[in-house]
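Asks: I am sharing start-v7.tsv, which consists of TSV, C-alpha atoms and all ligand atoms:
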```tsv
chain	number	residue	atom	x	y	z
A	1	MET	CA	119.41	86.32	98.09
A	2	SER	CA	118.12	85.69	94.58
A	3	ALA	CA	117.76	88.49	92.05
A	4	PRO	CA	114.35	90.19	91.79
A	5	ALA	CA	112.01	88.42	89.38
A	6	ARG	CA	111.77	90.00	85.96
A	7	ILE	CA	108.22	90.73	84.84
A	8	ALA	CA	107.18	91.68	81.33
A	9	VAL	CA	103.76	93.36	81.16
A	10	LEU	CA	101.52	93.41	78.07
A	11	ALA	CA	99.00	96.26	78.16
A	12	SER	CA	96.77	98.05	75.66
A	13	GLY	CA	95.17	100.74	77.79
A	14	ARG	CA	95.17	102.80	80.94
A	15	GLY	CA	97.54	100.57	82.92
A	16	SER	CA	96.04	100.62	86.41
A	17	ASN	CA	96.97	96.96	86.88
A	18	LEU	CA	100.54	97.72	85.78
A	19	GLN	CA	100.54	100.61	88.26
A	20	CYS	CA	99.51	98.23	91.02
A	21	LEU	CA	102.53	96.02	90.23
A	22	LEU	CA	104.81	99.07	90.18
A	23	ASP	CA	103.39	100.17	93.55
A	24	GLY	CA	103.88	96.65	94.94
A	25	ILE	CA	107.52	96.77	93.86
A	26	ALA	CA	108.03	100.28	95.26
A	27	THR	CA	106.57	99.30	98.65
A	28	GLY	CA	108.57	96.09	98.89
A	29	GLN	CA	105.54	93.80	98.57
A	30	LEU	CA	106.89	92.32	95.33
A	31	ASP	CA	110.51	91.33	94.96
A	32	ALA	CA	110.48	92.05	91.24
A	33	ARG	CA	111.26	94.53	88.56
A	34	ILE	CA	109.30	95.46	85.47
A	35	ALA	CA	111.61	94.32	82.68
A	36	GLY	CA	109.49	95.78	79.87
A	37	VAL	CA	106.02	97.01	78.94
A	38	PHE	CA	104.70	95.87	75.57
A	39	SER	CA	101.73	97.23	73.69
A	40	ASP	CA	99.82	96.97	70.44
A	41	LYS	CA	98.66	100.58	71.05
A	42	PRO	CA	101.48	103.13	70.86
A	43	ALA	CA	99.27	105.72	72.61
A	44	ALA	CA	98.43	103.47	75.58
A	45	ALA	CA	98.74	105.34	78.88
A	46	ALA	CA	100.26	102.20	80.40
A	47	LEU	CA	103.48	102.87	78.47
A	48	ASP	CA	104.02	106.21	80.22
A	49	LYS	CA	104.33	104.46	83.56
A	50	VAL	CA	107.82	103.16	82.79
A	51	ALA	CA	111.03	104.64	81.42
A	52	PRO	CA	111.23	104.99	77.62
A	53	GLU	CA	113.88	102.28	77.33
A	54	LEU	CA	111.44	99.76	78.85
A	55	ARG	CA	108.68	100.47	76.31
A	56	TRP	CA	107.88	98.51	73.16
A	57	ALA	CA	104.82	99.50	71.15
A	58	ARG	CA	103.99	98.71	67.55
A	59	PRO	CA	100.62	98.86	65.83
A	60	PRO	CA	99.62	95.55	64.26
A	61	ARG	CA	98.95	97.32	60.94
A	62	ASP	CA	102.74	97.67	60.54
A	63	PHE	CA	102.94	93.90	60.08
A	64	ALA	CA	101.89	91.63	57.25
A	65	ASN	CA	99.78	89.37	59.47
A	66	ARG	CA	99.08	88.26	63.04
A	67	GLU	CA	101.98	85.82	63.03
A	68	ALA	CA	104.48	88.51	62.01
A	69	PHE	CA	103.22	90.82	64.77
A	70	ASP	CA	103.34	88.04	67.35
A	71	THR	CA	106.87	87.09	66.31
A	72	ALA	CA	108.10	90.68	66.69
A	73	LEU	CA	106.29	91.02	70.03
A	74	GLY	CA	107.66	87.67	71.19
A	75	ASP	CA	111.22	88.58	70.19
A	76	ALA	CA	110.96	91.87	72.07
A	77	VAL	CA	109.52	90.14	75.15
A	78	ALA	CA	112.19	87.42	75.05
A	79	ALA	CA	114.92	90.08	74.75
A	80	CYS	CA	114.04	91.41	78.22
A	81	ALA	CA	114.55	87.90	79.67
A	82	PRO	CA	111.35	87.79	81.72
A	83	ASP	CA	110.63	85.19	84.37
A	84	TRP	CA	106.91	85.96	84.03
A	85	ILE	CA	104.79	87.64	81.38
A	86	VAL	CA	101.62	89.31	82.70
A	87	CYS	CA	98.81	90.43	80.39
A	88	ALA	CA	97.25	93.37	82.24
A	89	GLY	CA	94.57	94.84	80.03
A	90	TYR	CA	96.16	93.51	76.84
A	91	MET	CA	93.23	93.53	74.43
A	92	ARG	CA	94.65	91.70	71.42
A	93	ILE	CA	94.38	87.95	71.00
A	94	LEU	CA	97.76	86.22	71.28
A	95	GLY	CA	98.38	83.57	68.64
A	96	ALA	CA	99.24	79.98	69.49
A	97	GLY	CA	102.90	80.49	68.55
A	98	PHE	CA	103.33	83.27	71.09
A	99	VAL	CA	101.43	81.36	73.78
A	100	GLN	CA	103.51	78.22	73.24
A	101	ARG	CA	106.75	80.18	73.27
A	102	PHE	CA	106.03	81.45	76.80
A	103	ALA	CA	103.86	78.57	78.06
A	104	GLY	CA	103.80	78.13	81.83
A	105	ARG	CA	104.96	81.69	82.55
A	106	LEU	CA	102.25	83.66	80.74
A	107	VAL	CA	99.24	84.83	82.78
A	108	ASN	CA	96.29	87.15	82.20
A	109	ILE	CA	93.88	89.06	84.39
A	110	HIS	CA	90.32	88.89	83.11
A	111	PRO	CA	87.36	90.84	84.50
A	112	SER	CA	84.95	87.99	85.19
A	113	LEU	CA	84.61	84.86	87.26
A	114	LEU	CA	85.88	82.50	84.58
A	115	PRO	CA	84.63	80.28	83.02
A	116	LEU	CA	81.76	82.80	82.99
A	117	HIS	CA	81.92	85.66	80.48
A	118	LYS	CA	85.01	85.05	78.40
A	119	GLY	CA	85.87	87.78	75.91
A	120	LEU	CA	84.61	91.36	75.91
A	121	HIS	CA	81.91	93.39	77.72
A	122	THR	CA	82.03	91.17	80.77
A	123	HIS	CA	80.34	93.63	83.13
A	124	ALA	CA	77.34	94.22	80.86
A	125	ARG	CA	77.05	90.48	80.32
A	126	ALA	CA	77.12	89.74	84.07
A	127	LEU	CA	74.28	92.26	84.51
A	128	GLU	CA	72.30	90.81	81.60
A	129	ALA	CA	72.69	87.31	83.00
A	130	GLY	CA	71.35	88.44	86.39
A	131	ASP	CA	74.49	87.18	88.17
A	132	ALA	CA	74.46	87.77	91.93
A	133	GLU	CA	78.26	87.85	91.97
A	134	HIS	CA	80.90	89.01	89.55
A	135	GLY	CA	84.65	89.48	89.81
A	136	ALA	CA	88.02	88.88	88.26
A	137	SER	CA	90.28	85.92	87.53
A	138	VAL	CA	94.00	85.45	86.98
A	139	HIS	CA	94.70	82.48	84.73
A	140	PHE	CA	97.44	80.82	82.73
A	141	VAL	CA	97.11	81.74	79.06
A	142	VAL	CA	96.35	79.03	76.50
A	143	PRO	CA	95.64	79.58	72.80
A	144	GLU	CA	91.86	79.40	73.33
A	145	LEU	CA	90.63	82.82	74.55
A	146	ASP	CA	90.31	83.13	78.36
A	147	ALA	CA	90.22	79.34	78.69
A	148	GLY	CA	93.42	78.61	80.64
A	149	THR	CA	93.53	77.20	84.14
A	150	VAL	CA	92.40	79.74	86.72
A	151	ILE	CA	94.85	80.41	89.56
A	152	ALA	CA	92.93	82.89	91.68
A	153	GLN	CA	89.71	84.90	91.76
A	154	ALA	CA	88.23	87.87	93.58
A	155	ARG	CA	84.46	88.19	93.94
A	156	VAL	CA	82.22	91.21	94.33
A	157	PRO	CA	78.44	91.41	94.76
A	158	VAL	CA	76.28	92.73	91.95
A	159	LEU	CA	74.09	95.40	93.53
A	160	ALA	CA	70.59	96.57	92.61
A	161	GLY	CA	70.89	99.59	90.36
A	162	ASP	CA	74.37	98.70	89.10
A	163	SER	CA	75.36	99.91	85.64
A	164	SER	CA	78.22	98.27	83.80
A	165	ASP	CA	80.36	101.27	84.88
A	166	THR	CA	79.62	100.96	88.60
A	167	LEU	CA	80.14	97.21	88.41
A	168	ALA	CA	83.41	97.64	86.46
A	169	ALA	CA	84.70	100.04	89.12
A	170	ARG	CA	83.86	97.58	91.90
A	171	VAL	CA	85.65	94.78	90.02
A	172	LEU	CA	88.69	96.94	89.22
A	173	ALA	CA	89.12	97.70	92.91
A	174	VAL	CA	89.59	93.98	93.60
A	175	GLU	CA	91.64	93.31	90.46
A	176	HIS	CA	94.57	95.23	91.86
A	177	PRO	CA	95.00	93.28	95.12
A	178	LEU	CA	94.19	90.06	93.22
A	179	LEU	CA	96.92	90.64	90.67
A	180	LEU	CA	99.43	91.70	93.29
A	181	ALA	CA	98.82	88.66	95.51
A	182	THR	CA	98.83	86.24	92.58
A	183	VAL	CA	102.00	87.60	91.00
A	184	ARG	CA	103.62	87.40	94.40
A	185	LEU	CA	102.86	83.66	94.59
A	186	LEU	CA	104.17	83.20	91.06
A	187	ILE	CA	107.48	84.92	91.64
A	188	GLU	CA	107.94	83.08	94.92
A	189	GLY	CA	107.79	79.90	92.83
A	190	ARG	CA	104.78	78.61	94.78
A	191	VAL	CA	102.43	78.15	91.83
A	192	ALA	CA	102.82	75.97	88.76
A	193	GLU	CA	100.52	74.41	86.20
A	194	ARG	CA	100.52	70.72	85.36
A	195	ASP	CA	98.12	69.08	82.91
A	196	GLY	CA	95.45	71.73	83.37
A	197	THR	CA	95.69	71.76	87.16
A	198	VAL	CA	97.21	74.52	89.27
A	199	LEU	CA	99.65	73.34	91.92
A	200	LEU	CA	100.16	75.48	95.03
A	201	ASP	CA	103.19	74.45	97.04
A	202	GLY	CA	103.17	71.20	95.05
A	203	GLN	CA	99.54	70.33	95.87
A	204	SER	CA	96.70	70.37	93.35
A	205	LEU	CA	94.13	73.14	93.65
A	206	PHE	CA	90.65	71.91	92.87
A	207	ASN	CA	89.19	75.42	92.96
A	208	PRO	CA	90.85	78.76	92.27
A	209	LEU	CA	92.38	80.55	95.23
A	210	ARG	CA	90.04	83.23	96.65
A	211	LEU	CA	91.01	86.74	97.63
A	212	ASP	CA	89.73	87.89	101.03
A	213	SER	CA	88.96	91.48	102.00
A	214	ALA	CA	92.46	91.86	103.48
A	215	GLY	CA	94.02	91.09	100.08
A	216	THR	CA	95.17	87.59	101.04
A	217	LEU	CA	94.62	84.51	98.89
A	218	HIS	CA	93.09	81.39	100.42
A	219	ARG	CA	92.43	77.87	99.25
A	301	LIG	C1	91.06	95.42	83.41
A	301	LIG	O1	89.75	95.48	83.90
A	301	LIG	C2	91.39	94.04	82.92
A	301	LIG	O2	90.85	93.02	83.70
A	301	LIG	C3	90.76	94.05	81.55
A	301	LIG	O3	91.05	95.31	81.04
A	301	LIG	C4	91.15	96.25	82.12
A	301	LIG	C5	92.48	96.94	82.02
A	301	LIG	O4	92.58	97.96	82.96
A	301	LIG	N1	91.27	93.01	80.72
A	301	LIG	C6	90.55	92.41	79.79
A	301	LIG	O5	89.40	92.69	79.54
A	301	LIG	C7	91.31	91.34	79.04
A	301	LIG	N2	90.41	90.59	78.22
A	301	LIG	P1	93.98	98.66	83.22
A	301	LIG	O6	94.53	99.05	81.84
A	301	LIG	O7	93.63	99.86	84.04
A	301	LIG	O8	94.86	97.69	83.93
```
Written as C-alpha cells, how would this file's structure read?
Replies:
Amino acid sequence: MSAPARIAVLASGRGSNLQCLLDGIATGQLDARIAGVFSDKPAAAALDKVAPELRWARPPRDFANREAFDTALGDAVAACAPDWIVCAGYMRILGAGFVQRFAGRLVNIHPSLLPLHKGLHTHARALEAGDAEHGASVHFVVPELDAGTVIAQARVPVLAGDSSDTLAARVLAVEHPLLLATVRLLIEGRVAERDGTVLLDGQSLFNPLRLDSAGTLHR
C-alpha cells in the first residue's frame, strides 16, 4: 500500500473546508494526511484545527513585498513535502512565482460557477445578475485570478427571497462534499491537467465534473 497523500492547505479564515478534509481523513474517506496549514492571517480559526507544529502563519506586512511573502510561504509549503496544495478559503492572491513552483498540484475552491463571478462577493453578484443557479468550483490555480481549468462543480438553485447570506450557506453546504470528492480523485491520481484540459482517467473532460446529491462526481 502506498503512503497517505500529503496535503498542504492554505486558508485565511474559518476553515470549514479544511475541517471537511480532516473529517474525510478521520472517517477513512480520504487516504491522506494534512501536512501543514498555511495562512496570511495569524488569527485565522482554520489554524486551530491542526496541531501547532503543522501551522505556518505570517502577516504579509512582515515582508518587503509580495514576492518576499510568496517565497517564504512557498519555502514553508515545500518543506512539508506536499503531494497536493489546496487553497480552501485562502483570500490572498498568489503570485506567478508561487503558482509556477507548484503548478499541476495547486487547486482552489471558489464559491461560484466559474467562469462566472471570479473574485470577491460572488453570492451578492449572483443575486444581482439574476442567476437561476449558483454554486462552487474546484479548479487548478493559474496566475490569473480564478481562471484555471475547472475540475468539478456543485450547483444550487437561487431561491426567491435569497439574501447573499442564505445563498452563501446553501453554497457552503455543497462546497464540502465537492472538495472532498475532488481531492479524493486528485490523490487517487485520476485527475491531471494538460494544456488547459482536465483529464479524468486519461480522457479529456469537456465540461467540469458535476456533484450529485449523494456527493458523487459525474461526467
Ligand atoms: C469558502 O466559501 C470558499 O469557497 C471561499 O471562502 C470560503 C472559506 O470558507 N473562497 C474564496 O472566496 C476564494 N476566493 P471556510 O474558511 O469555512 O473554508
Asks: Restricting the calculation to all atoms listed in the file: of A:Gly196, A:Pro177, A:Pro60, A:Pro115, which residue gets closest to Leu18 in chain A?
Replies: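 The closest residue to Leu18 in chain A is A:Pro177.
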Asks: Could you give me, as an mmCIF file with C-alpha atoms, keeping the file's coordinate frame, the residues within 12 Å of Pro59 in chain A, counting all atoms listed in the file and dropping anything in the same chain fewer than 3 positions from it?
Replies:
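Saved the output as part_28.cif:
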```
data_model
loop_
_atom_site.group_PDB
_atom_site.id
_atom_site.type_symbol
_atom_site.label_atom_id
_atom_site.label_comp_id
_atom_site.auth_asym_id
_atom_site.auth_seq_id
_atom_site.Cartn_x
_atom_site.Cartn_y
_atom_site.Cartn_z
ATOM 1 C CA SER A 12 96.770 98.050 75.660
ATOM 2 C CA PHE A 38 104.700 95.870 75.570
ATOM 3 C CA SER A 39 101.730 97.230 73.690
ATOM 4 C CA ASP A 40 99.820 96.970 70.440
ATOM 5 C CA LYS A 41 98.660 100.580 71.050
ATOM 6 C CA PRO A 42 101.480 103.130 70.860
ATOM 7 C CA ALA A 43 99.270 105.720 72.610
ATOM 8 C CA ALA A 44 98.430 103.470 75.580
ATOM 9 C CA TRP A 56 107.880 98.510 73.160
ATOM 10 C CA ASP A 62 102.740 97.670 60.540
ATOM 11 C CA PHE A 63 102.940 93.900 60.080
ATOM 12 C CA ALA A 64 101.890 91.630 57.250
ATOM 13 C CA ASN A 65 99.780 89.370 59.470
ATOM 14 C CA ARG A 66 99.080 88.260 63.040
ATOM 15 C CA ALA A 68 104.480 88.510 62.010
ATOM 16 C CA PHE A 69 103.220 90.820 64.770
ATOM 17 C CA ASP A 70 103.340 88.040 67.350
ATOM 18 C CA ALA A 72 108.100 90.680 66.690
ATOM 19 C CA LEU A 73 106.290 91.020 70.030
ATOM 20 C CA ARG A 92 94.650 91.700 71.420
#
```
Asks: Pick out the closest residue to ligand LIG 301 (chain A) from this set: A:Lys118, A:His218, A:Lys49, A:His110. Count all atoms listed in the file.
Replies: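 Selected residue with least distance to ligand LIG 301 (chain A): A:His110.
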Asks: List the spatial neighbours of Arg33 in chain A as a PyMOL selection string - criterion: any atom at most 8 Å away, all atoms listed in the file, same-chain residues fewer than 5 positions off excluded.
Replies: chain A and resi 4-7+25
Asks: Taking every listed atom of ligand LIG 301 (chain A) and adding 6 Å to each side, what centre and edge lengths in Å (one decimal) does the axis-aligned box have, as AutoDock Vina command-line options?
Replies:
```
--center_x 92.1 --center_y 95.2 --center_z 81.1 --size_x 17.5 --size_y 21.3 --size_z 17.8
```
Asks: Ranking A:Leu54, A:Ala45, A:Ala154, A:Leu30 by minimum distance to ligand LIG 301 (chain A) and counting only C-alpha atoms and all ligand atoms, which one comes first?
Replies: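 Among the listed residues, the smallest separation from ligand LIG 301 (chain A) belongs to A:Ala45.
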Asks: Enter the distance from CA of Ser164 in chain A to CA of Leu10 in chain A, in Å, rounded to one decimal.
Replies: 24.5 Å
Asks: Sort by chain and increasing residue number a table of all residues of chain A within 6 Å of ligand LIG 301 (chain A), each with its closest pair of atoms and their distance in Å to one decimal, counting only C-alpha atoms and all ligand atoms, and write it as a Markdown table.
Replies:
```
| residue | atom | partner | partner_atom | distance |
| --- | --- | --- | --- | --- |
| A:Gly13 | CA | A:LIG301 | O6 | 4.4 |
| A:Arg14 | CA | A:LIG301 | O6 | 3.9 |
| A:Gly15 | CA | A:LIG301 | O6 | 3.5 |
| A:Ser16 | CA | A:LIG301 | O7 | 3.5 |
| A:Asn17 | CA | A:LIG301 | O8 | 3.7 |
| A:Leu18 | CA | A:LIG301 | O8 | 6.0 |
| A:Ala88 | CA | A:LIG301 | O8 | 5.2 |
| A:Gly89 | CA | A:LIG301 | C5 | 3.6 |
| A:Tyr90 | CA | A:LIG301 | C7 | 5.8 |
| A:Met91 | CA | A:LIG301 | C7 | 5.5 |
| A:Ile109 | CA | A:LIG301 | O2 | 5.0 |
| A:His110 | CA | A:LIG301 | O2 | 4.2 |
| A:Pro111 | CA | A:LIG301 | O2 | 4.2 |
| A:Gly119 | CA | A:LIG301 | N2 | 5.8 |
| A:Leu172 | CA | A:LIG301 | O1 | 5.6 |
```
Asks: Output C-alpha atoms of each residue in that selection to a file, as a PDB file, in the coordinates of the input.
Replies:
```
ATOM      1  CA  GLY A  13      95.170 100.740  77.790  1.00  0.00           C
ATOM      2  CA  ARG A  14      95.170 102.800  80.940  1.00  0.00           C
ATOM      3  CA  GLY A  15      97.540 100.570  82.920  1.00  0.00           C
ATOM      4  CA  SER A  16      96.040 100.620  86.410  1.00  0.00           C
ATOM      5  CA  ASN A  17      96.970  96.960  86.880  1.00  0.00           C
ATOM      6  CA  LEU A  18     100.540  97.720  85.780  1.00  0.00           C
ATOM      7  CA  ALA A  88      97.250  93.370  82.240  1.00  0.00           C
ATOM      8  CA  GLY A  89      94.570  94.840  80.030  1.00  0.00           C
ATOM      9  CA  TYR A  90      96.160  93.510  76.840  1.00  0.00           C
ATOM     10  CA  MET A  91      93.230  93.530  74.430  1.00  0.00           C
ATOM     11  CA  ILE A 109      93.880  89.060  84.390  1.00  0.00           C
ATOM     12  CA  HIS A 110      90.320  88.890  83.110  1.00  0.00           C
ATOM     13  CA  PRO A 111      87.360  90.840  84.500  1.00  0.00           C
ATOM     14  CA  GLY A 119      85.870  87.780  75.910  1.00  0.00           C
ATOM     15  CA  LEU A 172      88.690  96.940  89.220  1.00  0.00           C
TER      16      LEU A 172
END
```
Asks: Report, in Å with one decimal, the straight-line distance from CA of Thr149 in chain A to CA of Cys20 in chain A.
Replies: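 According to the coordinates, CA of Thr149 in chain A and CA of Cys20 in chain A are separated by 22.9 Å.
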Asks: Quick one: distance from CA of Val77 in chain A to CA of Val37 in chain A in Å, one decimal?
Replies: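 A separation of 8.6 Å between them.
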Asks: So which one's closest to Val142 in chain A, A:Ile93, A:Leu113, A:Ile34, A:Val156? Using all atoms listed in the file, please.
Replies: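 Closest to Val142 in chain A of all the choices is A:Ile93.
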Asks: I'd like the neighbourhood of Arg101 in chain A as a ChimeraX atom specification, where a residue qualifies if any of its atoms comes within 8 Å (using all atoms listed in the file), though same-chain residues fewer than 3 positions away should be ignored.
Replies: /A:74,97-98
Asks: Using all atoms listed in the file for the distances, tell me which of A:His139, A:Asp83, A:Leu94, A:Leu167 is nearest to Ala124 in chain A.
Replies: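 Under the stated criterion, the closest residue is A:Leu167.
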Asks: Hey, what's within 12 Å of Trp84 in chain A if we count all atoms listed in the file and toss same-chain stuff fewer than 3 positions away? As a VMD selection string, please?
Replies: chain A and resid 4 to 10 32 to 36 77 to 78 80 to 81 87 102 to 108 140 to 141 182 to 189 191 to 192
Asks: Residues as selected, C-alpha atoms, written as a CSV table (one decimal), in the frame of the given file, can you do that?
Replies:
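Saved as part19.csv:
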```csv
chain,number,residue,atom,x,y,z
A,4,PRO,CA,114.4,90.2,91.8
A,5,ALA,CA,112.0,88.4,89.4
A,6,ARG,CA,111.8,90.0,86.0
A,7,ILE,CA,108.2,90.7,84.8
A,8,ALA,CA,107.2,91.7,81.3
A,9,VAL,CA,103.8,93.4,81.2
A,10,LEU,CA,101.5,93.4,78.1
A,32,ALA,CA,110.5,92.0,91.2
A,33,ARG,CA,111.3,94.5,88.6
A,34,ILE,CA,109.3,95.5,85.5
A,35,ALA,CA,111.6,94.3,82.7
A,36,GLY,CA,109.5,95.8,79.9
A,77,VAL,CA,109.5,90.1,75.2
A,78,ALA,CA,112.2,87.4,75.0
A,80,CYS,CA,114.0,91.4,78.2
A,81,ALA,CA,114.6,87.9,79.7
A,87,CYS,CA,98.8,90.4,80.4
A,102,PHE,CA,106.0,81.4,76.8
A,103,ALA,CA,103.9,78.6,78.1
A,104,GLY,CA,103.8,78.1,81.8
A,105,ARG,CA,105.0,81.7,82.6
A,106,LEU,CA,102.2,83.7,80.7
A,107,VAL,CA,99.2,84.8,82.8
A,108,ASN,CA,96.3,87.2,82.2
A,140,PHE,CA,97.4,80.8,82.7
A,141,VAL,CA,97.1,81.7,79.1
A,182,THR,CA,98.8,86.2,92.6
A,183,VAL,CA,102.0,87.6,91.0
A,184,ARG,CA,103.6,87.4,94.4
A,185,LEU,CA,102.9,83.7,94.6
A,186,LEU,CA,104.2,83.2,91.1
A,187,ILE,CA,107.5,84.9,91.6
A,188,GLU,CA,107.9,83.1,94.9
A,189,GLY,CA,107.8,79.9,92.8
A,191,VAL,CA,102.4,78.2,91.8
A,192,ALA,CA,102.8,76.0,88.8
```
Asks: When distances are computed from only C-alpha atoms, which of A:Leu199, A:Leu178, A:Val50, A:Ala160 shows the smallest separation from Gly130 in chain A?
Replies: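 Using only C-alpha atoms, Gly130 in chain A sits closest to A:Ala160.
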Asks: Might you pull out every residue within 9 Å of Leu205 in chain A, with only C-alpha atoms counted and same-chain residues fewer than 6 positions away left off, and present them as a list of chain:residue names?
Replies: A:Ile151, A:Thr197, A:Val198, A:Leu199, A:Arg219
Asks: Please produce a file of those selected residues containing C-alpha atoms, as an mmCIF file, in the coordinates of the input.
Replies:
```cif
data_model
loop_
_atom_site.group_PDB
_atom_site.id
_atom_site.type_symbol
_atom_site.label_atom_id
_atom_site.label_comp_id
_atom_site.auth_asym_id
_atom_site.auth_seq_id
_atom_site.Cartn_x
_atom_site.Cartn_y
_atom_site.Cartn_z
ATOM 1 C CA ILE A 151 94.850 80.410 89.560
ATOM 2 C CA THR A 197 95.690 71.760 87.160
ATOM 3 C CA VAL A 198 97.210 74.520 89.270
ATOM 4 C CA LEU A 199 99.650 73.340 91.920
ATOM 5 C CA ARG A 219 92.430 77.870 99.250
#
```
Asks: Can you tell me, as a list in words, which residues sit within 6 Å of (91.0, 84.1, 89.3) in the file's frame, using only C-alpha atoms?
Replies: Ala136, Ser137, Val138, Val150, Ile151, Ala152 and Gln153 of chain A
